[in-house]
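**Q** Let me give you the structure first, and then I'll get to my questions.
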Amino acid sequence: MDATKLRRAIARTPLAPVAAFPKRLARVARHDAKVLRTSARWLVTSREHHNYTYELTKLSRHHLAWFVSVVCDVPVKQVRAYLNEIETDEELRGHIERATATASRRGLADKRVRYARRIGWYAIVRARKPAHVVETGVDKGLGSCVLAAALLRNTAEGHPGRLTSLDINPEAGYLARATPWAGVVDLVIGDSVASIGALDRPVDLFLHDSDHSRGHEKREFDAVEPKLAPGAMLLTDNVTVTNVLAEHAERTGRRFLAYRETPARHWYPGDGIGVAW
Ligand SMILES: C[S@@+](CC[C@H](N)C(=O)[O-])C[C@H]1O[C@@H](n2cnc3c(N)ncnc32)[C@H](O)[C@@H]1O
């Protein structure tokens, strides 16, 4: 019997997994060794302990451009121009670097500025030109800065807009307290559900990125529903963890789509952007 016939014969028997064990072991060991190498490098080079920052892989960035193109119904070339705009905004990058270097929490922040999926948030704001954006969950204010940068560009092109950023932590948002970005940001401290209930202007774009428990995410979308302007878009940063926004979209007659980011050179599997519109 030749080798091929023998392999086929073994594949039909209960011995097949045992025979394939060395190949299976090599495959999983190669994968795990790569994760361990990346994790070890991150442990010694990064200072972050949550809300990790990283670049997207080239492929993940391509997919993000198409994702935004579909959900915003704008040509993908236009979306790529928006992504390029935020990535080459040296004024914002310089500000974040300087503010991070002098912040009281600088020991827990990386010096390099990396926006990850937030470049998608930027492109969505540039494409839709919302008059009022609400972001729940601010942390250092990286996302608020990115959203504010998009609103400032829209304003310069004749489409003014403001961002209301909600966080329960009074120390949140220190990156977004500088000019010119602070000029379009209203930072509100308190529980996000209560703060949403107190909003006195219609919301064109809503982003959930606060307490990522299922219950809190649902309470935010329920609370914001009566506050939405006609045709408003809803985003969630929690789309790799819950199905809350998809269920909300189904209940309210909207479409839903999810993008899952892939971080480059990072052990973290990444988050995503869920959109209901
Ligand atoms: C993942 S971080 C936000 C990240 C931020 N959007 C960014 O782009 O980097 C989550 C934030 O949610 C805030 N948070 C947690 N529970 C909250 C609540 N009930 N109401 C408002 N903010 C809350 C936390 O204080 C934390 O700053």
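Every chain in the structure tokens takes a letter, A first, then B, and so on in the order presented; its residues are numbered from 1, and the ligands are numbered from 1 following the presented order.
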Assign secondary structure with DSSP using the backbone only, and return the residues of region 46-124 of chain A in alpha helix (DSSP H) as an MDAnalysis selection string.
**A** chainID A and resid 58:72 76:87 90:102 118:124
**Q** Neighbouring residues of ligand 1 are defined here as those with any atom at most 9 Å from a ligand atom, counting only C-alpha atoms and all ligand atoms; list them as a count of residues only.
**A** 42
**Q** Can you tell me which residues surround Asp89 (chain A) at a distance of at most 12 Å, considering only C-alpha atoms, apart from same-chain residues fewer than 6 positions away, and format the answer as a PyMOL selection string?
**A** chain A and resi 82-83+95-96+113+115+119+122+145-146+149-150+153
**Q** Can you write just those residues out, C-alpha atoms, as a PDB file, in the first residue's frame?
**A**
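Listing of again-v6.pdb after writing:
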ATOM      1  CA  TYR A  82     -11.519  61.116   5.887  1.00  0.00           C
ATOM      2  CA  LEU A  83      -9.429  58.354   7.493  1.00  0.00           C
ATOM      3  CA  HIS A  95      -1.782  68.035  21.542  1.00  0.00           C
ATOM      4  CA  ILE A  96      -2.568  64.489  22.713  1.00  0.00           C
ATOM      5  CA  VAL A 113      -1.040  58.271  19.782  1.00  0.00           C
ATOM      6  CA  TYR A 115      -6.751  55.804  17.498  1.00  0.00           C
ATOM      7  CA  ILE A 119     -10.854  56.679  12.969  1.00  0.00           C
ATOM      8  CA  TYR A 122     -14.259  60.262  12.730  1.00  0.00           C
ATOM      9  CA  CYS A 145     -10.914  64.578  20.661  1.00  0.00           C
ATOM     10  CA  VAL A 146     -11.345  62.528  17.491  1.00  0.00           C
ATOM     11  CA  ALA A 149     -11.758  67.151  15.305  1.00  0.00           C
ATOM     12  CA  ALA A 150     -14.360  65.853  12.827  1.00  0.00           C
ATOM     13  CA  ARG A 153     -13.696  70.227  10.075  1.00  0.00           C
TER      14      ARG A 153
END
**Q** One decimal, Å: what's the distance from CA of Thr242 (chain A) over to CA of Asp73 (chain A), could you say?
**A**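 Result for CA of Thr242 (chain A) versus CA of Asp73 (chain A): 25.5 Å, one decimal.
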**Q** So the first atom is CA of Arg41 (chain A) and the second is CA of Ile273 (chain A); what is the distance between them in Å, to one decimal place?
**A**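 Taking CA of Arg41 (chain A) and CA of Ile273 (chain A), their separation equals 27.1 Å.
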**Q** Using only C-alpha atoms, determine which residues lie at most 9 Å from Ile124 (chain A), disregarding the query and same-chain residues fewer than 2 positions distant; provide the list as a ChimeraX atom specification.
**A** /A:68-69,71-72,79,82,119-122,126-129,150
**Q** With distances taken over only C-alpha atoms, which residue among A:Thr13, A:Val241, A:Arg265, A:Pro75 lies nearest Arg37 (chain A)?
**A** A:Arg265
**Q** Would you list, as a short mmCIF file (atom, residue, chain, number, x, y, z; two decimals) with C-alpha atoms, in the first residue's frame, the residues of region 199-274 of chain A that end up in strand (DSSP E or B) under DSSP run on this structure's backbone?
**A**
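Printed below is states_2.cif as written:
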data_model
loop_
_atom_site.label_atom_id
_atom_site.label_comp_id
_atom_site.auth_asym_id
_atom_site.auth_seq_id
_atom_site.Cartn_x
_atom_site.Cartn_y
_atom_site.Cartn_z
CA VAL A 203 -29.35 63.84 18.99
CA ASP A 204 -28.19 63.08 15.42
CA LEU A 205 -25.46 60.58 16.29
CA PHE A 206 -25.26 58.55 19.51
CA LEU A 207 -22.28 56.45 20.59
CA HIS A 208 -22.42 54.02 23.53
CA LEU A 228 -33.24 61.27 18.64
CA ALA A 229 -33.57 63.56 15.63
CA PRO A 230 -35.29 62.02 12.57
CA GLY A 231 -32.85 59.70 10.74
CA ALA A 232 -30.39 59.60 13.66
CA MET A 233 -27.65 56.98 13.70
CA LEU A 234 -26.79 54.83 16.75
CA LEU A 235 -23.33 53.39 17.39
CA THR A 236 -22.05 50.97 20.00
CA PHE A 256 -27.86 47.00 11.67
CA LEU A 257 -24.28 46.18 10.73
CA ALA A 258 -21.15 45.36 12.72
CA TYR A 259 -17.45 45.84 12.01
CA ARG A 260 -14.84 43.92 14.04
CA PRO A 263 -5.34 45.35 16.17
CA GLY A 272 -15.72 46.90 16.97
CA ILE A 273 -18.31 49.37 15.75
CA GLY A 274 -21.97 48.41 15.73
#
